[in-house]
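Enquirer: To start, I am sharing the structure in question, which I have written as structure tokens.
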Amino acid sequence: MVGDKIKERDEHTCQWCGKKLEKRNCHTSHVITRKNIAVRWNENNLKTLCYYCHIQRWHKSPLEATRWFKNKFPDRYEYLMREKNKIAKYSVLDLQEMIDNHKNSN
């Protein structure tokens with residue numbers, strides 16, 4: 001599953017406060033809303049946060065959250081700013097492969 005891969009990449013650590021996380025306190029969070037399909041499942045668009053940082057900081061303070069992300073991950077921020085406006089074009093075969101990969105990762 002994509003979320004598990006991101007948590008492993010981030011070593012089950014909140015990227016904002018640095019707290020080691022486990023179980024329900026370990027959230028995978030999107031940088032750019034998941035409604036944007038151009039970057040929805042891009043690994044650069046996902047981060048690990050604890051419950052508090054995810055809800056109280058990321059969602060309730062979007063300007064502070066954007067500044068934090070841009071400062072902590074400047075290369076990822078610039079990449080996402082370029083990619084987010086691209087139109088995602090997938091062939092039927094691409095979509096079937098994504099579905100198959102998703103099914104196999106569960």
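Ordering of the structure tokens sets the chain letters (A, B, ...), residue numbers begin anew at 1 in every chain, and ligands are numbered from 1 in the order given.
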Could you give me, as a VMD selection string, each residue of chain A that DSSP assigns to helix (DSSP H, G or I) when run on this structure's backbone?
Expert: chain A and resid 2 to 9 23 to 25 43 to 45 51 to 59 62 to 72 74 to 83 92 to 105
Enquirer: Identify, on the basis of only C-alpha atoms, every residue whose closest approach to range 60-72 of chain A does not exceed 12 Å; exclude the query and any residue fewer than 3 positions from it along the same chain; express the result as a list of chain:residue names.
Expert: A:Gln15, A:Trp16, A:Cys17, A:Ser29, A:His30, A:Val31, A:Ile32, A:Thr33, A:Asn44, A:Asn45, A:Leu46, A:Lys47, A:Thr48, A:Leu49, A:Tyr52, A:Cys53, A:His54, A:Ile55, A:Gln56, A:Arg57, A:Asp75, A:Arg76, A:Tyr77, A:Glu78, A:Tyr79, A:Leu80, A:Met81
Enquirer: Keeping C-alpha atoms for every residue in the selection just given, could you write it to a file as an mmCIF file, in the first residue's frame?
Expert:
data_model
loop_
_atom_site.group_PDB
_atom_site.id
_atom_site.type_symbol
_atom_site.label_atom_id
_atom_site.label_comp_id
_atom_site.auth_asym_id
_atom_site.auth_seq_id
_atom_site.Cartn_x
_atom_site.Cartn_y
_atom_site.Cartn_z
ATOM 1 C CA GLN A 15 8.107 14.937 9.526
ATOM 2 C CA TRP A 16 6.972 18.052 11.381
ATOM 3 C CA CYS A 17 7.654 17.428 15.077
ATOM 4 C CA SER A 29 -0.896 13.056 4.497
ATOM 5 C CA HIS A 30 -1.097 14.706 1.070
ATOM 6 C CA VAL A 31 0.753 17.943 0.415
ATOM 7 C CA ILE A 32 -1.492 18.945 -2.484
ATOM 8 C CA THR A 33 -5.084 17.787 -2.155
ATOM 9 C CA ASN A 44 6.683 13.445 -3.367
ATOM 10 C CA ASN A 45 3.130 14.537 -2.566
ATOM 11 C CA LEU A 46 2.899 12.381 0.555
ATOM 12 C CA LYS A 47 4.398 12.759 4.003
ATOM 13 C CA THR A 48 4.128 11.124 7.408
ATOM 14 C CA LEU A 49 2.645 13.162 10.243
ATOM 15 C CA TYR A 52 -1.702 16.351 16.107
ATOM 16 C CA CYS A 53 0.503 17.789 13.346
ATOM 17 C CA HIS A 54 -1.794 16.408 10.651
ATOM 18 C CA ILE A 55 -5.028 17.831 12.045
ATOM 19 C CA GLN A 56 -4.000 20.804 14.189
ATOM 20 C CA ARG A 57 -1.100 22.080 12.132
ATOM 21 C CA ASP A 75 13.116 20.427 -3.910
ATOM 22 C CA ARG A 76 9.873 18.493 -3.388
ATOM 23 C CA TYR A 77 7.944 21.760 -3.065
ATOM 24 C CA GLU A 78 9.308 23.099 -6.371
ATOM 25 C CA TYR A 79 8.655 19.770 -8.097
ATOM 26 C CA LEU A 80 5.048 19.668 -6.875
ATOM 27 C CA MET A 81 4.436 23.270 -7.921
#
Enquirer: Considering only C-alpha atoms, state which residue in the set A:Tyr51, A:Arg34, A:Asn42, A:Arg82 is at the smallest distance from Cys14 in chain A.
Expert: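 Result for the nearest residue to Cys14 in chain A: A:Tyr51.
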Enquirer: Nearest to Ala38 in chain A among A:Glu83, A:Glu22, A:Asp100, A:Glu11, with distances taken over only C-alpha atoms: which residue is it?
Expert: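 Comparing A:Glu83, A:Glu22, A:Asp100, A:Glu11 against Ala38 in chain A, the winner is A:Glu83.
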Enquirer: So how many Å separate CA of His27 in chain A and CA of Cys50 in chain A, to one decimal?
Expert: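 Going from CA of His27 in chain A over to CA of Cys50 in chain A covers 5.8 Å.
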Enquirer: Enumerate the residues of chain A with a DSSP assignment of strand (DSSP E), computed from the backbone, and present them as a short mmCIF file (atom, residue, chain, number, x, y, z; two decimals) with C-alpha atoms, in the first residue's frame.
Expert:
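Full text of states10.cif as output:
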data_model
loop_
_atom_site.label_atom_id
_atom_site.label_comp_id
_atom_site.auth_asym_id
_atom_site.auth_seq_id
_atom_site.Cartn_x
_atom_site.Cartn_y
_atom_site.Cartn_z
CA CYS A 26 0.94 7.51 12.18
CA HIS A 27 -0.82 9.34 9.32
CA THR A 28 0.07 9.58 5.65
CA SER A 29 -0.90 13.06 4.50
CA HIS A 30 -1.10 14.71 1.07
CA LEU A 46 2.90 12.38 0.55
CA LYS A 47 4.40 12.76 4.00
CA THR A 48 4.13 11.12 7.41
CA LEU A 49 2.65 13.16 10.24
CA CYS A 50 1.41 12.42 13.74
#
Enquirer: Using only C-alpha atoms, which of A:Arg24, A:Lys103, A:Val2, A:Val39 sits nearest Asn85 in chain A?
Expert: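 Of A:Arg24, A:Lys103, A:Val2, A:Val39, the one nearest Asn85 in chain A is A:Val39, counting only C-alpha atoms.
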Enquirer: Return the single residue from A:Met1, A:Arg9, A:Pro74, A:Ile37 that is closest to Asn101 in chain A, with distances computed using only C-alpha atoms.
Expert: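 Of A:Met1, A:Arg9, A:Pro74, A:Ile37, the one nearest Asn101 in chain A, counting only C-alpha atoms, is A:Met1.
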Enquirer: What's the separation between CA of Phe73 in chain A and CA of Lys19 in chain A, in Å to one decimal place?
Expert: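 Distance between the two atoms: 17.8 Å.
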Enquirer: Suppose you want the space between CA of Lys23 in chain A and CA of Arg40 in chain A; what is it in Å?
Expert: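 For CA of Lys23 in chain A relative to CA of Arg40 in chain A, the distance reads 23.2 Å.
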